[in-house]
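*Asks:* Sharing a structure, written as structure tokens. Questions coming.
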Amino acid sequence: MISKMNKQTLKYLALLILPAAFFSCHLHQQAPTDINPNAVVPSEELLRYQQMELIGFIHFTVNTFTNKEWGYGDEDPAIFYPEKPDTEQWVLTAKAAGIKELILTAKHHDGFCLWPSKFTEHSIKNSPYKKGKGDMVEEFVRSCRKHGLKAGLYLSPWDRNHKDYGRPEYITYYKNQLKELLTEYGEINEIWFDGANGGDGYYGGANETRKIDAENYYGWDEIFALVKSLQPDIKIFSDAGPDVHWIGNEQGFAGFTFWSTINTDSIVVGKSDVNYLNTGDPEGKDWVVGQCDVSIRPGWFYHKTENSLVKTPQDLIDIYYKSVGRNAVMLLNLPPDQRGLIHENDVQSLFSFRQILDESFADDLAKDAKVTANNYRLASQKFAPENVIDNNSESYWATDDSILPAQLILQLHHEITFDRILIQEPVKFGQRVCKFIVQIEGEFGPETIFEGTTIGYKRLIRIRPVRTNRVSLIVLEANNTVAISNISLFKASEKEGQIF
Ligand code: FUL
């Protein structure tokens with residue numbers, strides 16, 4: 001029996017099945033050719049977004065020069081004077097590490113704009129950089145495009161510089177800035193709305209504390225609609241999506257169980273339930289990709305004193321397994337220094353992270369396995385077990401309806417030693433698996449080496465090395481017919497270190 005089938009799915013199935021049963025005997029007799037999609041599935045755009053897996057953040061502004069994390073908003077724009085900012089270096093560094101998109105802080109909480117906004121004086125146009133003719137947003141977007149990376153922008157809703165922050169006039173100002181950014185710089189793939197809101201600040205010289213009503217002040221629905229009207233394919237990030245949501249911490253970890261569905265209407269930006277965001281919601285009505293943000297340094301902005309505190313390649317790999325490997329996207333911050341360059345220590349750690357990952361995932365030990373299953377749909381090749389090792393993420397193994405447990409067996413030609421398992425669901429049909437185990441054929445019969453919950457777009461599993469010639473994936477619970485698109489086995493590079 002299929003367990004945990006949610007109400008939405010049942011309603012959806014009833015809608016599909018009842019008319020067929022009443023109005024067409026012919027239809028009723030014919031088995032469906034493909035698996036039924038869940039009630040909640042991702043758009044093509046969100047599928048593509050998730051497939052990027054690894055994206056990057058660039059935190060760069062007056063804070064880089066004042067040595068702060070949150071600028072007060074009273075900075076002299078003249079302080080923003082990078083010696084030789086090189087957006088090519090940012091993009092080429094990111095690209096070499098496998099990063100597919102970069103997001104720049106066009107405006108952080110201090111309100112300083114990295115582009116010459118018409119609506120404020122607190123911007124790069126009043127800095128000595130390029131004698132007031134500079135535009136970091138333009139340089140950034142141009143380099144991203146030149147090297148095939150997607151460009152994203154962060155526009156802090158909280159603005160500690162603006163005199164009207166907290167009043168309705170500020171919302172008009174904020175929308176004007178969005179219009180500038182989303183009409184003058186070509187295609188922007190993601191806009192990032194931070195949850196930090198209200199508090200003390202300069203506010204045009206008032207130097208006071210301003211609190212806002214997080215639920216109503218910004219009018220997020222209108223802002224989201226404006227953004228989509230300017231750039232229909234853009235992905236909007238916030239605590240509440242609607243396309244990409246915060247994972248609930250800034251350490252870069254998704255929950256061990258992680259669903260790509262949530263109910264966005266229950267979330268207030270800036271006042272979200274971090275545990276809810278960290279696990280997603282199997283009953284959720286909205287498909288929203290989870291995004292795990294984390295900085296390569298302790299702070300989000302560059303501080304010289306943190307040059308020795310850059311995360312090690314092993315730290316980054318651990319985060320990768322707990323973000324990309326748990327069905328989410330990893331967003332790694334690489335903050336440029338006062339020269340305007342990503343620091344050598346950060347580059348070194350990032351590159352060796354990439355190199356170690358490439359080593360670990362170079363050789364799929366399951367690629368020549370003989371794959372069988374306890375069932376495959378309609379006994380058709382289209383759903384055959386071997387589709388999970390054909391190196392084609394579009395093909396998949398699927399069972400007939402209501403087959404649980406669903407068991408996939410990889411029979412290897414000889415014994416192998418492995419310690420990493422990669423599993424993927426074809427999530428264009430929705431996220432289905434709720435509970436699974438992995439078994440090997442041990443000396444005394446089947447041995448369970450891992451007990452898991454969700455899989456989703458990608459699950460990466462770390463175990464201690466085991467030796468066997470037979471590996472089984474057994475799905476115990478699912479909210480709909482089981483389908484798996486990929487399974488691979490690897491022996492990780494020794495350089496990954498000993499984190500389980
Ligand atoms: C937070 C901000 O307050 C930090 O400064 C940083 O930008 C981080 C990504 O989001 O909420």
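Ordering of the structure tokens sets the chain letters (A, B, ...); residue numbers start at 1 within each chain; ligands are numbered from 1 in the order shown.
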Let me see if you get this right: every residue at most 8 Å from ligand 1, counting only C-alpha atoms and all ligand atoms, written as an MDAnalysis selection string.

*Replies:* chainID A and resid 59 69:70 105 108:109 194:196 250 293:294 300:301

*Asks:* Store the residues picked out above in a file with N, CA, C and O atoms, as an mmCIF file, in the first residue's frame.

*Replies:*
```cif
data_model
loop_
_atom_site.group_PDB
_atom_site.id
_atom_site.type_symbol
_atom_site.label_atom_id
_atom_site.label_comp_id
_atom_site.auth_asym_id
_atom_site.auth_seq_id
_atom_site.Cartn_x
_atom_site.Cartn_y
_atom_site.Cartn_z
ATOM 1 N N HIS A 59 29.483 39.496 -1.211
ATOM 2 C CA HIS A 59 29.166 40.580 -0.274
ATOM 3 C C HIS A 59 30.278 41.623 -0.381
ATOM 4 O O HIS A 59 31.429 41.359 -0.028
ATOM 5 N N GLU A 69 30.045 44.482 9.721
ATOM 6 C CA GLU A 69 29.135 43.505 9.112
ATOM 7 C C GLU A 69 27.824 44.180 8.725
ATOM 8 O O GLU A 69 27.243 43.856 7.696
ATOM 9 N N TRP A 70 27.372 45.089 9.567
ATOM 10 C CA TRP A 70 26.150 45.838 9.284
ATOM 11 C C TRP A 70 26.478 47.323 9.373
ATOM 12 O O TRP A 70 26.618 47.877 10.471
ATOM 13 N N THR A 105 25.594 41.865 -3.659
ATOM 14 C CA THR A 105 24.859 42.782 -2.779
ATOM 15 C C THR A 105 24.819 44.169 -3.440
ATOM 16 O O THR A 105 25.684 45.012 -3.192
ATOM 17 N N HIS A 108 23.249 46.682 0.601
ATOM 18 C CA HIS A 108 23.115 45.952 1.871
ATOM 19 C C HIS A 108 22.367 46.857 2.854
ATOM 20 O O HIS A 108 21.826 47.897 2.467
ATOM 21 N N HIS A 109 22.327 46.459 4.142
ATOM 22 C CA HIS A 109 21.481 47.193 5.104
ATOM 23 C C HIS A 109 21.883 48.672 5.263
ATOM 24 O O HIS A 109 21.076 49.488 5.699
ATOM 25 N N ASP A 194 16.348 39.775 1.773
ATOM 26 C CA ASP A 194 16.805 39.359 3.094
ATOM 27 C C ASP A 194 15.720 39.569 4.153
ATOM 28 O O ASP A 194 14.858 40.435 4.010
ATOM 29 N N GLY A 195 15.817 38.794 5.243
ATOM 30 C CA GLY A 195 14.803 38.882 6.297
ATOM 31 C C GLY A 195 15.125 39.886 7.400
ATOM 32 O O GLY A 195 14.267 40.180 8.228
ATOM 33 N N ALA A 196 16.370 40.415 7.444
ATOM 34 C CA ALA A 196 16.722 41.345 8.542
ATOM 35 C C ALA A 196 15.953 42.650 8.364
ATOM 36 O O ALA A 196 15.941 43.232 7.289
ATOM 37 N N GLU A 250 22.370 29.995 8.827
ATOM 38 C CA GLU A 250 23.396 30.548 7.934
ATOM 39 C C GLU A 250 24.661 29.694 7.964
ATOM 40 O O GLU A 250 25.753 30.169 7.688
ATOM 41 N N ASP A 293 22.519 29.161 2.518
ATOM 42 C CA ASP A 293 23.545 30.203 2.424
ATOM 43 C C ASP A 293 24.561 30.070 3.548
ATOM 44 O O ASP A 293 24.229 29.739 4.681
ATOM 45 N N VAL A 294 25.806 30.332 3.186
ATOM 46 C CA VAL A 294 26.905 30.189 4.139
ATOM 47 C C VAL A 294 28.084 30.993 3.595
ATOM 48 O O VAL A 294 28.231 31.138 2.384
ATOM 49 N N TRP A 300 30.163 37.848 6.696
ATOM 50 C CA TRP A 300 29.689 37.935 5.308
ATOM 51 C C TRP A 300 30.535 38.898 4.493
ATOM 52 O O TRP A 300 30.632 38.774 3.277
ATOM 53 N N PHE A 301 31.145 39.894 5.199
ATOM 54 C CA PHE A 301 32.032 40.838 4.505
ATOM 55 C C PHE A 301 33.485 40.502 4.839
ATOM 56 O O PHE A 301 33.764 39.840 5.850
#
```

*Asks:* Running DSSP on the backbone, which parts of stretch 54-179 of chain A land in strand (DSSP E), as number ranges by chain?

*Replies:* A: 54-58, 101-107, 150-155

*Asks:* For the residues in that selection, give me all heavy atoms as a CSV table (one decimal), in the first residue's frame.

*Replies:*
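Result saved to out_29.csv:
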```csv
chain,number,residue,atom,x,y,z
A,54,LEU,N,25.3,24.5,-7.2
A,54,LEU,CA,26.2,25.3,-6.4
A,54,LEU,C,26.2,26.8,-7.0
A,54,LEU,O,26.5,27.0,-8.1
A,54,LEU,CB,27.6,24.7,-6.6
A,54,LEU,CG,28.8,25.4,-5.8
A,54,LEU,CD1,28.5,25.4,-4.3
A,54,LEU,CD2,30.1,24.7,-6.1
A,55,ILE,N,25.9,27.7,-6.1
A,55,ILE,CA,25.9,29.1,-6.5
A,55,ILE,C,26.6,30.0,-5.5
A,55,ILE,O,27.0,29.5,-4.5
A,55,ILE,CB,24.4,29.7,-6.7
A,55,ILE,CG1,23.6,29.7,-5.4
A,55,ILE,CG2,23.7,28.9,-7.8
A,55,ILE,CD1,22.2,30.3,-5.6
A,56,GLY,N,26.9,31.2,-5.9
A,56,GLY,CA,27.8,32.0,-5.0
A,56,GLY,C,27.3,33.4,-4.7
A,56,GLY,O,26.4,33.9,-5.4
A,57,PHE,N,27.7,33.9,-3.6
A,57,PHE,CA,27.4,35.2,-3.1
A,57,PHE,C,28.6,36.1,-3.1
A,57,PHE,O,29.7,35.7,-2.9
A,57,PHE,CB,27.0,35.1,-1.6
A,57,PHE,CG,25.6,35.5,-1.2
A,57,PHE,CD1,25.0,35.0,-0.1
A,57,PHE,CD2,25.0,36.5,-2.0
A,57,PHE,CE1,23.8,35.5,0.3
A,57,PHE,CE2,23.7,36.9,-1.5
A,57,PHE,CZ,23.1,36.4,-0.4
A,58,ILE,N,28.4,37.4,-3.5
A,58,ILE,CA,29.5,38.4,-3.4
A,58,ILE,C,29.0,39.5,-2.5
A,58,ILE,O,28.1,40.3,-2.8
A,58,ILE,CB,29.8,39.0,-4.8
A,58,ILE,CG1,30.2,37.9,-5.8
A,58,ILE,CG2,30.9,40.1,-4.7
A,58,ILE,CD1,31.6,37.3,-5.6
A,101,GLU,N,26.0,30.5,-10.7
A,101,GLU,CA,25.3,31.8,-10.6
A,101,GLU,C,26.0,32.6,-9.5
A,101,GLU,O,26.4,32.0,-8.5
A,101,GLU,CB,23.8,31.6,-10.3
A,101,GLU,CG,23.1,32.9,-10.0
A,101,GLU,CD,21.7,32.7,-9.4
A,101,GLU,OE1,20.8,32.3,-10.1
A,101,GLU,OE2,21.5,32.9,-8.2
A,102,LEU,N,26.1,33.9,-9.6
A,102,LEU,CA,26.6,34.7,-8.5
A,102,LEU,C,25.6,35.8,-8.2
A,102,LEU,O,24.9,36.3,-9.1
A,102,LEU,CB,27.9,35.4,-9.0
A,102,LEU,CG,29.2,34.6,-8.9
A,102,LEU,CD1,30.4,35.5,-9.4
A,102,LEU,CD2,29.5,34.1,-7.5
A,103,ILE,N,25.5,36.1,-6.9
A,103,ILE,CA,24.5,37.1,-6.5
A,103,ILE,C,25.3,38.2,-5.8
A,103,ILE,O,26.1,38.0,-4.8
A,103,ILE,CB,23.5,36.5,-5.4
A,103,ILE,CG1,22.8,35.3,-6.1
A,103,ILE,CG2,22.5,37.6,-5.0
A,103,ILE,CD1,21.9,34.5,-5.1
A,104,LEU,N,25.2,39.4,-6.3
A,104,LEU,CA,25.9,40.6,-5.7
A,104,LEU,C,25.0,41.4,-4.8
A,104,LEU,O,23.9,41.7,-5.1
A,104,LEU,CB,26.4,41.4,-6.9
A,104,LEU,CG,27.0,42.8,-6.5
A,104,LEU,CD1,28.4,42.6,-5.8
A,104,LEU,CD2,27.2,43.7,-7.8
A,105,THR,N,25.6,41.9,-3.7
A,105,THR,CA,24.9,42.8,-2.8
A,105,THR,C,24.8,44.2,-3.4
A,105,THR,O,25.7,45.0,-3.2
A,105,THR,CB,25.6,42.9,-1.4
A,105,THR,OG1,26.9,43.2,-1.6
A,105,THR,CG2,25.4,41.7,-0.6
A,106,ALA,N,23.8,44.4,-4.3
A,106,ALA,CA,23.7,45.7,-4.9
A,106,ALA,C,23.5,46.8,-3.9
A,106,ALA,O,24.0,47.9,-4.0
A,106,ALA,CB,22.5,45.7,-5.9
A,107,LYS,N,22.7,46.4,-2.8
A,107,LYS,CA,22.6,47.3,-1.6
A,107,LYS,C,22.4,46.4,-0.4
A,107,LYS,O,21.6,45.5,-0.4
A,107,LYS,CB,21.3,48.2,-1.8
A,107,LYS,CG,21.0,49.1,-0.6
A,107,LYS,CD,19.7,49.8,-0.8
A,107,LYS,CE,18.5,49.1,-0.2
A,107,LYS,NZ,17.3,49.9,0.0
A,150,LYS,N,25.0,32.8,-14.4
A,150,LYS,CA,23.8,33.6,-14.2
A,150,LYS,C,24.1,34.7,-13.2
A,150,LYS,O,25.0,34.5,-12.3
A,150,LYS,CB,22.7,32.7,-13.6
A,150,LYS,CG,22.4,31.5,-14.5
A,150,LYS,CD,21.4,31.9,-15.5
A,150,LYS,CE,20.9,30.7,-16.4
A,150,LYS,NZ,20.3,31.1,-17.6
A,151,ALA,N,23.4,35.8,-13.3
A,151,ALA,CA,23.6,36.9,-12.4
A,151,ALA,C,22.4,37.1,-11.5
A,151,ALA,O,21.3,37.1,-12.0
A,151,ALA,CB,23.9,38.2,-13.1
A,152,GLY,N,22.6,37.3,-10.2
A,152,GLY,CA,21.6,37.6,-9.3
A,152,GLY,C,21.9,38.8,-8.5
A,152,GLY,O,23.1,39.2,-8.4
A,153,LEU,N,20.9,39.5,-7.9
A,153,LEU,CA,21.1,40.7,-7.1
A,153,LEU,C,20.4,40.6,-5.8
A,153,LEU,O,19.3,40.1,-5.7
A,153,LEU,CB,20.7,41.9,-7.9
A,153,LEU,CG,21.4,42.2,-9.2
A,153,LEU,CD1,20.7,43.3,-10.0
A,153,LEU,CD2,22.9,42.5,-9.0
A,154,TYR,N,21.1,41.2,-4.8
A,154,TYR,CA,20.6,41.3,-3.4
A,154,TYR,C,20.2,42.8,-3.2
A,154,TYR,O,21.1,43.7,-3.4
A,154,TYR,CB,21.7,40.9,-2.5
A,154,TYR,CG,21.6,41.0,-1.0
A,154,TYR,CD1,21.7,39.9,-0.2
A,154,TYR,CD2,21.5,42.2,-0.3
A,154,TYR,CE1,21.6,39.9,1.2
A,154,TYR,CE2,21.5,42.3,1.1
A,154,TYR,CZ,21.5,41.2,1.8
A,154,TYR,OH,21.5,41.2,3.2
A,155,LEU,N,19.0,43.1,-2.8
A,155,LEU,CA,18.6,44.5,-2.6
A,155,LEU,C,18.0,44.4,-1.2
A,155,LEU,O,16.8,44.0,-1.0
A,155,LEU,CB,17.6,45.0,-3.6
A,155,LEU,CG,17.3,46.5,-3.5
A,155,LEU,CD1,18.4,47.3,-3.9
A,155,LEU,CD2,16.0,46.8,-4.3
```

*Asks:* Would you return as a PyMOL selection string the members of stretch 100-249 of chain A that DSSP assigns to helix (DSSP H, G or I) on this structure's backbone?

*Replies:* chain A and resi 124-126+129-132+136-146+168-183+203-205+220-230

*Asks:* Any chance you can output those residues with N, CA and C atoms as a CSV table (one decimal), in the first residue's frame?

*Replies:*
```
chain,number,residue,atom,x,y,z
A,124,ILE,N,27.7,54.8,-5.2
A,124,ILE,CA,29.0,54.7,-5.9
A,124,ILE,C,29.2,56.0,-6.7
A,125,LYS,N,28.1,56.7,-7.0
A,125,LYS,CA,28.3,57.9,-7.9
A,125,LYS,C,29.0,59.0,-7.1
A,126,ASN,N,29.0,58.9,-5.7
A,126,ASN,CA,29.7,59.9,-4.9
A,126,ASN,C,30.9,59.4,-4.3
A,129,TYR,N,35.7,56.1,-6.8
A,129,TYR,CA,35.9,55.0,-7.7
A,129,TYR,C,35.5,55.4,-9.1
A,130,LYS,N,36.4,55.3,-10.1
A,130,LYS,CA,36.2,55.8,-11.5
A,130,LYS,C,35.6,57.2,-11.5
A,131,LYS,N,36.1,58.0,-10.5
A,131,LYS,CA,35.7,59.4,-10.4
A,131,LYS,C,34.2,59.6,-10.4
A,132,GLY,N,33.5,58.7,-9.7
A,132,GLY,CA,32.1,58.8,-9.6
A,132,GLY,C,31.3,58.3,-10.8
A,136,MET,N,29.3,49.1,-10.2
A,136,MET,CA,29.8,47.7,-10.0
A,136,MET,C,28.7,46.7,-10.4
A,137,VAL,N,27.4,47.1,-10.4
A,137,VAL,CA,26.4,46.2,-10.8
A,137,VAL,C,26.6,45.9,-12.3
A,138,GLU,N,26.9,46.9,-13.1
A,138,GLU,CA,27.1,46.8,-14.5
A,138,GLU,C,28.3,45.9,-14.8
A,139,GLU,N,29.4,46.2,-14.1
A,139,GLU,CA,30.6,45.4,-14.3
A,139,GLU,C,30.4,43.9,-14.0
A,140,PHE,N,29.7,43.7,-12.8
A,140,PHE,CA,29.4,42.4,-12.4
A,140,PHE,C,28.6,41.6,-13.4
A,141,VAL,N,27.5,42.2,-13.8
A,141,VAL,CA,26.5,41.5,-14.7
A,141,VAL,C,27.3,41.2,-16.0
A,142,ARG,N,28.1,42.2,-16.5
A,142,ARG,CA,28.8,42.0,-17.8
A,142,ARG,C,29.7,40.8,-17.7
A,143,SER,N,30.5,40.7,-16.6
A,143,SER,CA,31.4,39.6,-16.4
A,143,SER,C,30.7,38.3,-16.3
A,144,CYS,N,29.6,38.2,-15.6
A,144,CYS,CA,28.8,37.0,-15.4
A,144,CYS,C,28.4,36.5,-16.8
A,145,ARG,N,27.8,37.4,-17.6
A,145,ARG,CA,27.4,37.1,-18.9
A,145,ARG,C,28.5,36.6,-19.8
A,146,LYS,N,29.6,37.3,-19.8
A,146,LYS,CA,30.7,37.0,-20.6
A,146,LYS,C,31.2,35.5,-20.4
A,168,PRO,N,5.6,54.8,4.5
A,168,PRO,CA,5.2,54.3,3.1
A,168,PRO,C,6.1,54.9,2.0
A,169,GLU,N,6.6,56.1,2.2
A,169,GLU,CA,7.4,56.7,1.1
A,169,GLU,C,8.6,55.8,0.8
A,170,TYR,N,9.1,55.1,1.8
A,170,TYR,CA,10.3,54.2,1.5
A,170,TYR,C,10.0,53.1,0.6
A,171,ILE,N,8.7,52.6,0.7
A,171,ILE,CA,8.3,51.5,-0.2
A,171,ILE,C,8.4,51.9,-1.7
A,172,THR,N,7.9,53.2,-1.9
A,172,THR,CA,8.0,53.7,-3.3
A,172,THR,C,9.5,53.8,-3.7
A,173,TYR,N,10.3,54.2,-2.8
A,173,TYR,CA,11.8,54.3,-3.1
A,173,TYR,C,12.3,52.9,-3.4
A,174,TYR,N,11.9,51.9,-2.6
A,174,TYR,CA,12.4,50.6,-2.8
A,174,TYR,C,12.0,50.0,-4.1
A,175,LYS,N,10.7,50.3,-4.5
A,175,LYS,CA,10.2,49.8,-5.8
A,175,LYS,C,10.9,50.5,-6.9
A,176,ASN,N,11.2,51.8,-6.8
A,176,ASN,CA,12.0,52.5,-7.8
A,176,ASN,C,13.4,51.8,-8.0
A,177,GLN,N,14.0,51.5,-6.9
A,177,GLN,CA,15.3,50.8,-7.0
A,177,GLN,C,15.2,49.5,-7.7
A,178,LEU,N,14.1,48.7,-7.4
A,178,LEU,CA,13.9,47.4,-8.1
A,178,LEU,C,13.7,47.6,-9.6
A,179,LYS,N,13.0,48.7,-9.9
A,179,LYS,CA,12.8,48.9,-11.3
A,179,LYS,C,14.1,49.2,-12.0
A,180,GLU,N,14.9,50.0,-11.4
A,180,GLU,CA,16.2,50.3,-12.0
A,180,GLU,C,17.0,49.1,-12.2
A,181,LEU,N,17.1,48.2,-11.2
A,181,LEU,CA,18.0,47.0,-11.3
A,181,LEU,C,17.4,46.0,-12.2
A,182,LEU,N,16.1,46.0,-12.3
A,182,LEU,CA,15.5,44.9,-13.2
A,182,LEU,C,15.1,45.4,-14.6
A,183,THR,N,15.4,46.6,-14.9
A,183,THR,CA,15.2,47.0,-16.3
A,183,THR,C,16.5,47.5,-17.0
A,203,TYR,N,19.2,56.8,9.3
A,203,TYR,CA,17.9,57.3,8.8
A,203,TYR,C,17.9,58.8,8.5
A,204,GLY,N,18.8,59.2,7.6
A,204,GLY,CA,18.8,60.6,7.1
A,204,GLY,C,19.2,61.5,8.2
A,205,GLY,N,19.9,61.0,9.3
A,205,GLY,CA,20.3,61.9,10.4
A,205,GLY,C,19.5,61.8,11.6
A,220,TRP,N,4.7,42.5,0.5
A,220,TRP,CA,5.5,41.6,-0.3
A,220,TRP,C,4.8,41.1,-1.6
A,221,ASP,N,3.5,40.8,-1.5
A,221,ASP,CA,2.8,40.3,-2.7
A,221,ASP,C,2.9,41.3,-3.8
A,222,GLU,N,2.8,42.6,-3.5
A,222,GLU,CA,2.9,43.6,-4.6
A,222,GLU,C,4.3,43.6,-5.1
A,223,ILE,N,5.3,43.5,-4.2
A,223,ILE,CA,6.7,43.6,-4.6
A,223,ILE,C,7.0,42.4,-5.5
A,224,PHE,N,6.5,41.2,-5.1
A,224,PHE,CA,6.8,40.0,-5.9
A,224,PHE,C,6.2,40.2,-7.3
A,225,ALA,N,4.9,40.7,-7.3
A,225,ALA,CA,4.3,40.9,-8.6
A,225,ALA,C,5.0,41.9,-9.5
A,226,LEU,N,5.5,42.9,-8.9
A,226,LEU,CA,6.3,43.9,-9.7
A,226,LEU,C,7.5,43.3,-10.3
A,227,VAL,N,8.2,42.5,-9.4
A,227,VAL,CA,9.5,41.8,-9.9
A,227,VAL,C,9.2,40.9,-11.1
A,228,LYS,N,8.1,40.1,-11.0
A,228,LYS,CA,7.8,39.2,-12.0
A,228,LYS,C,7.3,39.9,-13.3
A,229,SER,N,6.7,41.1,-13.1
A,229,SER,CA,6.2,41.8,-14.3
A,229,SER,C,7.4,42.4,-15.0
A,230,LEU,N,8.5,42.7,-14.3
A,230,LEU,CA,9.7,43.2,-15.0
A,230,LEU,C,10.6,42.1,-15.6
```

*Asks:* Please determine, counting only C-alpha atoms, which residue among A:Thr312, A:Asn480, A:Asn161, A:Asn345 has the shortest atom-to-atom distance to A:Gly201.

*Replies:* A:Asn161

*Asks:* Write out as CSV the residues of stretch 345-401 of chain A that have any atom within 12 Å of an atom of stretch 429-439 of chain A, one row each with the nearest atom pair and its distance in Å to one decimal, counting only C-alpha atoms, sorted by chain and then rising number.

*Replies:*
```
residue,atom,partner,partner_atom,distance
A:Glu394,CA,A:Phe429,CA,11.4
A:Tyr396,CA,A:Phe429,CA,11.2
A:Ala398,CA,A:Phe429,CA,11.3
```

*Asks:* Counting only C-alpha atoms, what is within 7 Å of stretch 366-383 of chain A, bar same-chain residues fewer than 3 positions away, as a list in words?

*Replies:*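 Returned residues: Glu386, Ile389, Tyr396, Trp397, Ala398, Thr399, Asp400, Ala406, Gln407, Leu408, Ile409, Leu410, Gln411, Leu412, His413, Ser488 and Leu489 of chain A.
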
*Asks:* Output N, CA and C atoms of each residue in that selection to a file, as a PDB file, in the first residue's frame.

*Replies:*
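Listed below is the output, again23.pdb:
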```
ATOM      1  N   GLU A 386      17.412  -0.714 -15.299  1.00  0.00           N
ATOM      2  CA  GLU A 386      18.740  -0.246 -15.741  1.00  0.00           C
ATOM      3  C   GLU A 386      18.770   1.239 -16.094  1.00  0.00           C
ATOM      4  N   ILE A 389      21.159   3.626 -14.186  1.00  0.00           N
ATOM      5  CA  ILE A 389      22.619   3.734 -14.382  1.00  0.00           C
ATOM      6  C   ILE A 389      22.977   4.119 -15.809  1.00  0.00           C
ATOM      7  N   TYR A 396      14.187   6.942 -16.054  1.00  0.00           N
ATOM      8  CA  TYR A 396      14.004   6.513 -14.664  1.00  0.00           C
ATOM      9  C   TYR A 396      13.401   5.120 -14.608  1.00  0.00           C
ATOM     10  N   TRP A 397      13.620   4.499 -13.463  1.00  0.00           N
ATOM     11  CA  TRP A 397      12.930   3.256 -13.118  1.00  0.00           C
ATOM     12  C   TRP A 397      11.666   3.651 -12.363  1.00  0.00           C
ATOM     13  N   ALA A 398      10.530   3.029 -12.712  1.00  0.00           N
ATOM     14  CA  ALA A 398       9.303   3.278 -11.951  1.00  0.00           C
ATOM     15  C   ALA A 398       8.584   1.951 -11.776  1.00  0.00           C
ATOM     16  N   THR A 399       7.862   1.833 -10.691  1.00  0.00           N
ATOM     17  CA  THR A 399       7.105   0.595 -10.441  1.00  0.00           C
ATOM     18  C   THR A 399       5.673   0.771 -10.926  1.00  0.00           C
ATOM     19  N   ASP A 400       4.941  -0.336 -10.925  1.00  0.00           N
ATOM     20  CA  ASP A 400       3.489  -0.214 -11.082  1.00  0.00           C
ATOM     21  C   ASP A 400       2.959   0.498  -9.845  1.00  0.00           C
ATOM     22  N   ALA A 406       9.506  -1.055  -2.696  1.00  0.00           N
ATOM     23  CA  ALA A 406      10.011  -1.117  -4.068  1.00  0.00           C
ATOM     24  C   ALA A 406      11.513  -1.350  -3.957  1.00  0.00           C
ATOM     25  N   GLN A 407      11.976  -2.404  -4.577  1.00  0.00           N
ATOM     26  CA  GLN A 407      13.384  -2.777  -4.369  1.00  0.00           C
ATOM     27  C   GLN A 407      14.166  -2.794  -5.674  1.00  0.00           C
ATOM     28  N   LEU A 408      15.305  -2.125  -5.628  1.00  0.00           N
ATOM     29  CA  LEU A 408      16.198  -2.053  -6.783  1.00  0.00           C
ATOM     30  C   LEU A 408      17.492  -2.747  -6.371  1.00  0.00           C
ATOM     31  N   ILE A 409      17.977  -3.643  -7.231  1.00  0.00           N
ATOM     32  CA  ILE A 409      19.186  -4.391  -6.849  1.00  0.00           C
ATOM     33  C   ILE A 409      20.294  -4.144  -7.867  1.00  0.00           C
ATOM     34  N   LEU A 410      21.453  -3.746  -7.361  1.00  0.00           N
ATOM     35  CA  LEU A 410      22.627  -3.584  -8.228  1.00  0.00           C
ATOM     36  C   LEU A 410      23.532  -4.784  -7.990  1.00  0.00           C
ATOM     37  N   GLN A 411      23.647  -5.632  -9.009  1.00  0.00           N
ATOM     38  CA  GLN A 411      24.541  -6.785  -8.911  1.00  0.00           C
ATOM     39  C   GLN A 411      25.829  -6.405  -9.625  1.00  0.00           C
ATOM     40  N   LEU A 412      26.939  -6.357  -8.872  1.00  0.00           N
ATOM     41  CA  LEU A 412      28.208  -5.910  -9.468  1.00  0.00           C
ATOM     42  C   LEU A 412      28.986  -7.113  -9.985  1.00  0.00           C
ATOM     43  N   HIS A 413      29.845  -6.871 -10.979  1.00  0.00           N
ATOM     44  CA  HIS A 413      30.591  -7.993 -11.571  1.00  0.00           C
ATOM     45  C   HIS A 413      31.633  -8.553 -10.618  1.00  0.00           C
ATOM     46  N   SER A 488      24.266   5.902  -7.949  1.00  0.00           N
ATOM     47  CA  SER A 488      25.695   5.722  -8.218  1.00  0.00           C
ATOM     48  C   SER A 488      26.406   5.409  -6.909  1.00  0.00           C
ATOM     49  N   LEU A 489      27.545   4.739  -7.041  1.00  0.00           N
ATOM     50  CA  LEU A 489      28.363   4.399  -5.867  1.00  0.00           C
ATOM     51  C   LEU A 489      29.772   4.932  -6.089  1.00  0.00           C
TER      52      LEU A 489
END
```

*Asks:* Considering only C-alpha atoms, return as number ranges by chain whatever protein or nucleic-acid residues lie within 10 Å of A:Glu441, sequence-local ones (same chain, fewer than 4 positions apart) excluded.

*Replies:* A: 411, 445-448, 467-472

*Asks:* For the atom pair atom CA of A:Ile403 and atom CA of A:Ile35, what is the interatomic distance in Å to one decimal place?

*Replies:* 12.4 Å

*Asks:* Write out as an MDAnalysis selection string each polymer residue whose atoms come within 7 Å of A:Pro465, counting only C-alpha atoms; drop sequence neighbours fewer than 6 positions from it.

*Replies:* chainID A and resid 417:419

*Asks:* Let me make sure I understand: among A:Asp159, A:Glu496, A:Glu215, A:Glu208, which one has the smallest atom-to-atom distance to A:Ser352 if we use only C-alpha atoms?

*Replies:*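 Looking at the shortest contact to A:Ser352, the residue is A:Glu496.
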
*Asks:* Using only C-alpha atoms, which protein or nucleic acid residues come within 12 Å of A:Gly456? Drop anything in the same chain fewer than 3 positions from it, and give the result as a ChimeraX atom specification.

*Replies:* /A:41-42,47,50-51,256-261,280,282,287,289-290,324-328,422-435,452-453,459-460,478,482-486

*Asks:* Env of A:Asn307: 12 Å cut, atoms = only C-alpha atoms, seq-sep filter 6 positions within chain, self excluded. Answer as an MDAnalysis selection string.

*Replies:* chainID A and resid 296:299 301 335:337 342:349
